[in-house]
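K.L.:
Data: input.tsv, TSV, N, CA, C and O atoms and all ligand atoms.
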chain	number	residue	atom	x	y	z
A	1	MET	N	90.10	77.20	-57.76
A	1	MET	CA	88.91	76.92	-58.56
A	1	MET	C	87.99	78.15	-58.57
A	1	MET	O	87.76	78.75	-57.54
A	2	ASP	N	87.52	78.49	-59.73
A	2	ASP	CA	86.65	79.66	-59.88
A	2	ASP	C	85.22	79.25	-59.46
A	2	ASP	O	84.50	78.58	-60.21
A	3	LYS	N	84.84	79.68	-58.26
A	3	LYS	CA	83.53	79.27	-57.73
A	3	LYS	C	82.38	79.83	-58.57
A	3	LYS	O	81.35	79.17	-58.74
A	4	GLN	N	82.57	81.05	-59.09
A	4	GLN	CA	81.53	81.65	-59.93
A	4	GLN	C	81.30	80.81	-61.20
A	4	GLN	O	80.17	80.59	-61.63
A	5	PHE	N	82.44	80.35	-61.76
A	5	PHE	CA	82.35	79.54	-62.98
A	5	PHE	C	81.57	78.24	-62.71
A	5	PHE	O	80.67	77.87	-63.47
A	6	VAL	N	81.94	77.57	-61.61
A	6	VAL	CA	81.25	76.32	-61.26
A	6	VAL	C	79.77	76.58	-61.02
A	6	VAL	O	78.90	75.84	-61.49
A	7	PHE	N	79.46	77.68	-60.33
A	7	PHE	CA	78.07	78.02	-60.04
A	7	PHE	C	77.28	78.23	-61.34
A	7	PHE	O	76.17	77.73	-61.51
A	8	ARG	N	77.89	78.97	-62.30
A	8	ARG	CA	77.23	79.23	-63.60
A	8	ARG	C	77.02	77.92	-64.36
A	8	ARG	O	76.00	77.72	-65.02
A	9	GLU	N	78.03	77.05	-64.29
A	9	GLU	CA	77.91	75.76	-64.99
A	9	GLU	C	76.75	74.93	-64.41
A	9	GLU	O	75.98	74.33	-65.16
A	10	VAL	N	76.63	74.94	-63.09
A	10	VAL	CA	75.53	74.20	-62.46
A	10	VAL	C	74.18	74.81	-62.86
A	10	VAL	O	73.23	74.09	-63.17
A	11	GLU	N	74.14	76.14	-62.90
A	11	GLU	CA	72.90	76.81	-63.32
A	11	GLU	C	72.55	76.45	-64.75
A	11	GLU	O	71.39	76.19	-65.08
A	12	HIS	N	73.59	76.47	-65.60
A	12	HIS	CA	73.39	76.13	-67.01
A	12	HIS	C	72.85	74.70	-67.15
A	12	HIS	O	71.90	74.44	-67.91
A	13	LEU	N	73.45	73.77	-66.40
A	13	LEU	CA	72.99	72.38	-66.41
A	13	LEU	C	71.55	72.27	-65.94
A	13	LEU	O	70.74	71.54	-66.51
A	14	GLN	N	71.24	73.06	-64.91
A	14	GLN	CA	69.87	73.05	-64.36
A	14	GLN	C	68.88	73.50	-65.44
A	14	GLN	O	67.81	72.90	-65.60
A	15	ASP	N	69.25	74.56	-66.20
A	15	ASP	CA	68.38	75.04	-67.28
A	15	ASP	C	68.17	73.95	-68.34
A	15	ASP	O	67.06	73.72	-68.82
A	16	ARG	N	69.29	73.30	-68.69
A	16	ARG	CA	69.20	72.26	-69.74
A	16	ARG	C	68.35	71.09	-69.27
A	16	ARG	O	67.58	70.52	-70.05
A	17	ILE	N	68.48	70.73	-68.00
A	17	ILE	CA	67.67	69.64	-67.47
A	17	ILE	C	66.18	70.02	-67.55
A	17	ILE	O	65.33	69.21	-67.91
A	18	GLY	N	65.89	71.30	-67.25
A	18	GLY	CA	64.51	71.78	-67.35
A	18	GLY	C	63.98	71.68	-68.76
A	18	GLY	O	62.85	71.25	-68.99
A	19	GLU	N	64.83	72.05	-69.74
A	19	GLU	CA	64.43	71.97	-71.15
A	19	GLU	C	64.20	70.51	-71.56
A	19	GLU	O	63.22	70.18	-72.22
A	20	PHE	N	65.12	69.63	-71.14
A	20	PHE	CA	64.96	68.20	-71.45
A	20	PHE	C	63.67	67.65	-70.86
A	20	PHE	O	62.96	66.88	-71.49
A	21	TYR	N	63.38	68.08	-69.65
A	21	TYR	CA	62.19	67.61	-68.97
A	21	TYR	C	60.92	68.01	-69.75
A	21	TYR	O	60.01	67.22	-69.94
A	22	GLU	N	60.93	69.28	-70.24
A	22	GLU	CA	59.79	69.75	-71.04
A	22	GLU	C	59.68	68.98	-72.35
A	22	GLU	O	58.59	68.60	-72.76
A	23	GLU	N	60.82	68.77	-73.02
A	23	GLU	CA	60.82	68.02	-74.27
A	23	GLU	C	60.32	66.59	-74.05
A	23	GLU	O	59.55	66.04	-74.84
A	24	LEU	N	60.77	66.01	-72.95
A	24	LEU	CA	60.35	64.65	-72.63
A	24	LEU	C	58.83	64.59	-72.42
A	24	LEU	O	58.16	63.67	-72.89
A	25	GLY	N	58.28	65.61	-71.77
A	25	GLY	CA	56.83	65.68	-71.56
A	25	GLY	C	56.10	65.77	-72.88
A	25	GLY	O	55.08	65.11	-73.09
A	26	ALA	N	56.63	66.61	-73.82
A	26	ALA	CA	55.99	66.76	-75.12
A	26	ALA	C	56.05	65.45	-75.91
A	26	ALA	O	55.07	65.05	-76.55
A	27	ILE	N	57.20	64.77	-75.85
A	27	ILE	CA	57.35	63.49	-76.55
A	27	ILE	C	56.39	62.46	-75.97
A	27	ILE	O	55.78	61.66	-76.69
A	28	LYS	N	56.22	62.51	-74.66
A	28	LYS	CA	55.31	61.56	-74.00
A	28	LYS	C	53.87	61.77	-74.49
A	28	LYS	O	53.15	60.80	-74.76
A	29	VAL	N	53.47	63.04	-74.65
A	29	VAL	CA	52.13	63.34	-75.16
A	29	VAL	C	51.98	62.82	-76.59
A	29	VAL	O	50.98	62.20	-76.94
A	30	GLN	N	53.02	63.08	-77.41
A	30	GLN	CA	52.97	62.60	-78.80
A	30	GLN	C	52.89	61.08	-78.86
A	30	GLN	O	52.16	60.51	-79.67
A	31	LEU	N	53.65	60.43	-78.00
A	31	LEU	CA	53.66	58.97	-77.96
A	31	LEU	C	52.27	58.44	-77.60
A	31	LEU	O	51.77	57.50	-78.23
A	32	GLN	N	51.65	59.08	-76.63
A	32	GLN	CA	50.31	58.67	-76.23
A	32	GLN	C	49.33	58.82	-77.39
A	32	GLN	O	48.52	57.94	-77.65
A	33	GLU	N	49.45	59.94	-78.13
A	33	GLU	CA	48.57	60.16	-79.28
A	33	GLU	C	48.81	59.11	-80.36
A	33	GLU	O	47.87	58.61	-80.97
A	34	LEU	N	50.09	58.77	-80.59
A	34	LEU	CA	50.42	57.76	-81.59
A	34	LEU	C	49.88	56.39	-81.19
A	34	LEU	O	49.39	55.63	-82.03
A	35	ILE	N	49.99	56.07	-79.92
A	35	ILE	CA	49.49	54.78	-79.44
A	35	ILE	C	47.97	54.70	-79.64
A	35	ILE	O	47.45	53.70	-80.12
A	36	GLU	N	47.29	55.82	-79.31
A	36	GLU	CA	45.83	55.84	-79.50
A	36	GLU	C	45.45	55.74	-80.97
A	36	GLU	O	44.53	55.02	-81.33
A	37	GLU	N	46.18	56.49	-81.82
A	37	GLU	CA	45.89	56.44	-83.25
A	37	GLU	C	46.16	55.04	-83.81
A	37	GLU	O	45.39	54.52	-84.62
A	38	ASN	N	47.26	54.44	-83.35
A	38	ASN	CA	47.60	53.09	-83.79
A	38	ASN	C	46.50	52.10	-83.41
A	38	ASN	O	46.10	51.26	-84.22
A	39	GLN	N	45.98	52.24	-82.22
A	39	GLN	CA	44.91	51.36	-81.76
A	39	GLN	C	43.65	51.56	-82.60
A	39	GLN	O	43.00	50.61	-83.01
A	40	ARG	N	43.34	52.85	-82.88
A	40	ARG	CA	42.16	53.16	-83.69
A	40	ARG	C	42.31	52.58	-85.09
A	40	ARG	O	41.40	51.95	-85.63
A	41	LEU	N	43.51	52.74	-85.70
A	41	LEU	CA	43.76	52.21	-87.04
A	41	LEU	C	43.74	50.69	-87.05
A	41	LEU	O	43.28	50.07	-88.01
A	42	PHE	N	44.25	50.09	-85.97
A	42	PHE	CA	44.23	48.63	-85.86
A	42	PHE	C	42.80	48.11	-85.89
A	42	PHE	O	42.46	47.18	-86.63
A	43	LEU	N	41.93	48.75	-85.09
A	43	LEU	CA	40.53	48.33	-85.04
A	43	LEU	C	39.84	48.56	-86.38
A	43	LEU	O	39.08	47.72	-86.86
A	44	GLU	N	40.13	49.72	-86.99
A	44	GLU	CA	39.54	50.04	-88.28
A	44	GLU	C	39.98	49.03	-89.33
A	44	GLU	O	39.18	48.55	-90.14
A	45	ASN	N	41.27	48.68	-89.29
A	45	ASN	CA	41.80	47.70	-90.23
A	45	ASN	C	41.15	46.33	-90.04
A	45	ASN	O	40.78	45.67	-91.01
A	46	GLU	N	40.99	45.92	-88.79
A	46	GLU	CA	40.32	44.66	-88.50
A	46	GLU	C	38.91	44.66	-89.06
A	46	GLU	O	38.47	43.69	-89.67
A	47	HIS	N	38.22	45.78	-88.84
A	47	HIS	CA	36.85	45.92	-89.33
A	47	HIS	C	36.81	45.82	-90.85
A	47	HIS	O	35.97	45.11	-91.42
A	48	LEU	N	37.73	46.52	-91.51
A	48	LEU	CA	37.78	46.49	-92.98
A	48	LEU	C	38.10	45.09	-93.49
A	48	LEU	O	37.53	44.63	-94.47
A	49	ARG	N	39.02	44.41	-92.80
A	49	ARG	CA	39.37	43.03	-93.20
A	49	ARG	C	38.16	42.12	-93.10
A	49	ARG	O	37.91	41.30	-94.00
A	50	GLU	N	37.42	42.27	-92.02
A	50	GLU	CA	36.24	41.42	-91.85
A	50	GLU	C	35.21	41.69	-92.94
A	50	GLU	O	34.63	40.76	-93.50
A	51	ARG	N	35.00	42.98	-93.23
A	51	ARG	CA	34.02	43.32	-94.27
A	51	ARG	C	34.49	42.84	-95.63
A	51	ARG	O	33.72	42.30	-96.42
A	52	ALA	N	35.79	43.03	-95.92
A	52	ALA	CA	36.33	42.60	-97.21
A	52	ALA	C	36.23	41.08	-97.34
A	52	ALA	O	35.87	40.56	-98.39
A	53	LYS	N	36.53	40.38	-96.25
A	53	LYS	CA	36.46	38.92	-96.26
A	53	LYS	C	35.03	38.46	-96.52
A	53	LYS	O	34.79	37.56	-97.31
A	54	PHE	N	34.11	39.14	-95.86
A	54	PHE	CA	32.69	38.80	-96.05
A	54	PHE	C	32.31	38.93	-97.51
A	54	PHE	O	31.69	38.03	-98.08
A	55	TYR	N	32.70	40.05	-98.13
A	55	TYR	CA	32.30	40.28	-99.52
A	55	TYR	C	33.06	39.38	-100.49
A	55	TYR	O	32.50	38.93	-101.48
A	56	THR	N	34.35	39.13	-100.22
A	56	THR	CA	35.12	38.32	-101.17
A	56	THR	C	34.76	36.84	-101.08
A	56	THR	O	34.95	36.11	-102.03
A	57	GLU	N	34.23	36.42	-99.95
A	57	GLU	CA	33.85	35.01	-99.83
A	57	GLU	C	32.48	34.73	-100.42
A	57	GLU	O	32.11	33.58	-100.61
A	58	GLU	N	31.72	35.80	-100.67
A	58	GLU	CA	30.42	35.64	-101.31
A	58	GLU	C	30.65	35.13	-102.74
A	58	GLU	O	31.43	35.70	-103.48
A	59	GLN	N	29.99	34.06	-103.12
A	59	GLN	CA	30.17	33.52	-104.46
A	59	GLN	C	29.17	34.11	-105.44
A	59	GLN	O	29.39	34.08	-106.65
A	60	THR	N	28.09	34.62	-104.94
A	60	THR	CA	27.09	35.21	-105.83
A	60	THR	C	27.55	36.61	-106.22
A	60	THR	O	28.31	37.25	-105.49
A	61	PRO	N	27.10	37.08	-107.38
A	61	PRO	CA	27.51	38.42	-107.81
A	61	PRO	C	27.14	39.48	-106.76
A	61	PRO	O	26.05	39.46	-106.21
A	62	VAL	N	28.07	40.33	-106.50
A	62	VAL	CA	27.82	41.41	-105.55
A	62	VAL	C	27.26	42.60	-106.32
A	62	VAL	O	27.77	42.94	-107.37
A	63	GLN	N	26.22	43.15	-105.80
A	63	GLN	CA	25.61	44.27	-106.52
A	63	GLN	C	25.40	45.44	-105.58
A	63	GLN	O	25.53	45.32	-104.38
A	64	GLY	N	25.07	46.55	-106.17
A	64	GLY	CA	24.69	47.73	-105.42
A	64	GLY	C	25.73	48.18	-104.42
A	64	GLY	O	26.89	48.39	-104.77
A	65	GLU	N	25.30	48.31	-103.17
A	65	GLU	CA	26.15	48.86	-102.11
A	65	GLU	C	27.43	48.04	-101.91
A	65	GLU	O	28.50	48.59	-101.72
A	66	ALA	N	27.30	46.71	-101.95
A	66	ALA	CA	28.45	45.85	-101.70
A	66	ALA	C	29.52	46.05	-102.77
A	66	ALA	O	30.71	46.16	-102.47
A	67	LEU	N	29.07	46.14	-104.03
A	67	LEU	CA	30.02	46.34	-105.13
A	67	LEU	C	30.66	47.72	-105.01
A	67	LEU	O	31.88	47.87	-105.20
A	68	LYS	N	29.85	48.71	-104.64
A	68	LYS	CA	30.38	50.06	-104.46
A	68	LYS	C	31.42	50.06	-103.33
A	68	LYS	O	32.47	50.70	-103.43
A	69	TYR	N	31.12	49.32	-102.27
A	69	TYR	CA	32.04	49.25	-101.14
A	69	TYR	C	33.36	48.62	-101.55
A	69	TYR	O	34.44	49.13	-101.24
A	70	LEU	N	33.27	47.50	-102.28
A	70	LEU	CA	34.49	46.82	-102.74
A	70	LEU	C	35.31	47.74	-103.64
A	70	LEU	O	36.53	47.83	-103.50
A	71	SER	N	34.61	48.42	-104.56
A	71	SER	CA	35.32	49.32	-105.48
A	71	SER	C	36.00	50.44	-104.72
A	71	SER	O	37.16	50.77	-104.99
A	72	SER	N	35.30	51.02	-103.74
A	72	SER	CA	35.89	52.13	-103.00
A	72	SER	C	37.04	51.65	-102.13
A	72	SER	O	38.05	52.33	-101.97
A	73	LEU	N	36.91	50.44	-101.60
A	73	LEU	CA	37.99	49.87	-100.80
A	73	LEU	C	39.23	49.68	-101.66
A	73	LEU	O	40.36	50.00	-101.26
A	74	TYR	N	39.00	49.18	-102.89
A	74	TYR	CA	40.12	48.98	-103.82
A	74	TYR	C	40.72	50.33	-104.20
A	74	TYR	O	41.95	50.50	-104.18
A	75	ASP	N	39.86	51.31	-104.50
A	75	ASP	CA	40.34	52.65	-104.87
A	75	ASP	C	41.11	53.30	-103.72
A	75	ASP	O	42.01	54.12	-103.96
A	76	ASP	N	40.76	52.97	-102.49
A	76	ASP	CA	41.46	53.53	-101.33
A	76	ASP	C	42.82	52.86	-101.11
A	76	ASP	O	43.56	53.23	-100.20
A	77	GLY	N	43.12	51.84	-101.92
A	77	GLY	CA	44.46	51.25	-101.86
A	77	GLY	C	44.54	49.92	-101.12
A	77	GLY	O	45.63	49.50	-100.72
A	78	PHE	N	43.38	49.24	-100.96
A	78	PHE	CA	43.40	47.96	-100.25
A	78	PHE	C	43.10	46.81	-101.21
A	78	PHE	O	42.39	46.99	-102.19
A	79	HIS	N	43.65	45.64	-100.90
A	79	HIS	CA	43.30	44.45	-101.65
A	79	HIS	C	41.89	44.02	-101.30
A	79	HIS	O	41.46	44.14	-100.14
A	80	ILE	N	41.19	43.53	-102.30
A	80	ILE	CA	39.86	42.96	-102.05
A	80	ILE	C	39.81	41.52	-102.57
A	80	ILE	O	38.74	40.93	-102.66
A	81	CYS	N	40.98	40.98	-102.91
A	81	CYS	CA	41.03	39.61	-103.41
A	81	CYS	C	41.21	38.64	-102.24
A	81	CYS	O	41.57	39.05	-101.13
A	82	ASN	N	40.94	37.37	-102.52
A	82	ASN	CA	41.04	36.36	-101.46
A	82	ASN	C	42.46	36.21	-100.92
A	82	ASN	O	42.65	35.86	-99.77
A	83	LEU	N	43.44	36.48	-101.77
A	83	LEU	CA	44.84	36.27	-101.37
A	83	LEU	C	45.29	37.26	-100.30
A	83	LEU	O	45.98	36.90	-99.36
A	84	ASN	N	44.90	38.53	-100.48
A	84	ASN	CA	45.45	39.58	-99.60
A	84	ASN	C	44.38	40.53	-99.07
A	84	ASN	O	44.70	41.68	-98.75
A	85	TYR	N	43.16	40.10	-98.98
A	85	TYR	CA	42.08	41.03	-98.64
A	85	TYR	C	42.42	41.88	-97.41
A	85	TYR	O	42.97	41.40	-96.44
A	86	GLY	N	42.14	43.18	-97.55
A	86	GLY	CA	42.34	44.11	-96.44
A	86	GLY	C	43.75	44.65	-96.31
A	86	GLY	O	43.98	45.61	-95.60
A	87	ALA	N	44.71	44.04	-97.03
A	87	ALA	CA	46.10	44.52	-96.95
A	87	ALA	C	46.29	45.69	-97.91
A	87	ALA	O	45.55	45.82	-98.89
A	88	MET	N	47.27	46.54	-97.59
A	88	MET	CA	47.55	47.68	-98.47
A	88	MET	C	48.08	47.17	-99.81
A	88	MET	O	48.88	46.23	-99.85
A	89	ARG	N	47.63	47.80	-100.90
A	89	ARG	CA	48.08	47.43	-102.24
A	89	ARG	C	49.31	48.22	-102.62
A	89	ARG	O	49.48	49.35	-102.20
A	90	ASP	N	50.15	47.61	-103.46
A	90	ASP	CA	51.30	48.30	-104.03
A	90	ASP	C	51.10	48.24	-105.53
A	90	ASP	O	51.61	47.37	-106.19
A	91	GLY	N	50.32	49.18	-106.08
A	91	GLY	CA	49.98	49.13	-107.50
A	91	GLY	C	48.74	48.28	-107.72
A	91	GLY	O	48.09	47.85	-106.78
A	92	ASP	N	48.41	48.06	-109.00
A	92	ASP	CA	47.21	47.28	-109.31
A	92	ASP	C	47.42	45.80	-109.01
A	92	ASP	O	48.54	45.29	-109.08
A	93	CYS	N	46.33	45.13	-108.67
A	93	CYS	CA	46.38	43.69	-108.40
A	93	CYS	C	45.40	43.01	-109.35
A	93	CYS	O	44.21	43.33	-109.37
A	94	LEU	N	45.92	42.10	-110.16
A	94	LEU	CA	45.09	41.43	-111.16
A	94	LEU	C	43.98	40.62	-110.51
A	94	LEU	O	42.87	40.54	-111.02
A	95	PHE	N	44.27	40.02	-109.36
A	95	PHE	CA	43.26	39.22	-108.66
A	95	PHE	C	42.11	40.10	-108.19
A	95	PHE	O	40.94	39.72	-108.30
A	96	CYS	N	42.46	41.26	-107.67
A	96	CYS	CA	41.43	42.21	-107.22
A	96	CYS	C	40.58	42.67	-108.39
A	96	CYS	O	39.34	42.69	-108.30
A	97	LEU	N	41.27	43.04	-109.49
A	97	LEU	CA	40.55	43.55	-110.67
A	97	LEU	C	39.62	42.47	-111.24
A	97	LEU	O	38.48	42.74	-111.60
A	98	GLN	N	40.13	41.24	-111.26
A	98	GLN	CA	39.33	40.13	-111.75
A	98	GLN	C	38.11	39.93	-110.84
A	98	GLN	O	37.00	39.68	-111.30
A	99	ASN	N	38.36	40.08	-109.56
A	99	ASN	CA	37.31	39.95	-108.56
A	99	ASN	C	36.21	40.98	-108.81
A	99	ASN	O	35.01	40.66	-108.77
A	100	LEU	N	36.61	42.21	-109.08
A	100	LEU	CA	35.64	43.28	-109.34
A	100	LEU	C	34.87	43.03	-110.62
A	100	LEU	O	33.65	43.20	-110.68
A	101	GLN	N	35.60	42.62	-111.67
A	101	GLN	CA	34.96	42.41	-112.98
A	101	GLN	C	33.96	41.27	-112.95
A	101	GLN	O	32.88	41.35	-113.50
A	102	SER	N	34.33	40.19	-112.24
A	102	SER	CA	33.44	39.02	-112.21
A	102	SER	C	32.19	39.28	-111.40
A	102	SER	O	31.23	38.54	-111.47
A	103	ARG	N	32.21	40.32	-110.59
A	103	ARG	CA	31.06	40.61	-109.73
A	103	ARG	C	30.14	41.68	-110.28
A	103	ARG	O	29.08	41.92	-109.75
A	104	SER	N	30.62	42.37	-111.30
A	104	SER	CA	29.76	43.45	-111.80
A	104	SER	C	28.98	43.02	-113.03
A	104	SER	O	29.19	41.95	-113.55
B	1	ZN	ZN	44.59	41.80	-104.55
Output the file's structure as structure tokens, nothing else.
Ligand SMILES: [Zn+2]
P.N.:
Amino acid sequence: MDKQFVFREVEHLQDRIGEFYEELGAIKVQLQELIEENQRLFLENEHLRERAKFYTEEQTPVQGEALKYLSSLYDDGFHICNLNYGAMRDGDCLFCLQNLQSRS
């Protein structure tokens, strides 16, 4: 058995383990950042849902700031209708548009 060969192989493995360890550390940092961002987006989404629900449940015409808020929420790609308020939109929603028109 070539002892030099085995020694080089072990060294090579040791290097690769070191590289894997570094990559694993970097992935762990990214995962932590994603978890934090996910939590922040979750809270933001909850907040937006509550605000959208508040405005969509109002039966009186919404004016001024509230109407601007609903419009901007819709323009940002969220439903503002009673059916799907706060959820991401996939194209235009007739219920949302009707909701905006009836309030302006
Ligand atoms: Zn909608």
K.L.:
What does the structure give for the distance between atom C of A:Cys93 and atom N of A:Asp76, in Å to one decimal?
P.N.:
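Atom N of A:Asp76 lies at a distance of 13.0 Å from atom C of A:Cys93.
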K.L.:
Compute the set of protein, DNA and RNA residues whose minimum atom distance to ligand ZN 1 (chain B) is at most 10 Å, using only C-alpha atoms and all ligand atoms, and state it as a VMD selection string.
P.N.:
chain A and resid 74 77 to 99
K.L.:
Go ahead and compute the interatomic distance for atom C of A:Met1 and atom CA of A:Arg16, in Å to one decimal.
P.N.:
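Distance reported for this atom pair: 22.6 Å.
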K.L.:
Determine which residues of chain A DSSP labels as helix (DSSP H, G or I) from the backbone of this structure, then write them out as an MDAnalysis selection string.
P.N.:
chainID A and resid 3:57 64:75 94:103
K.L.:
Quick one: axis-aligned box around all listed atoms of stretch 17-34 of chain A, 4 Å on every side, centre and edge lengths in Å to one decimal, written as JSON.
P.N.:
{"center_x": 58.2, "center_y": 63.8, "center_z": -74.6, "size_x": 28.6, "size_y": 24.4, "size_z": 22.8}
K.L.:
Rounded to one decimal in Å, what is the spacing between atom CA of A:Ile35 and atom CA of A:Tyr21?
P.N.:
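Those two atoms sit 20.9 Å apart.
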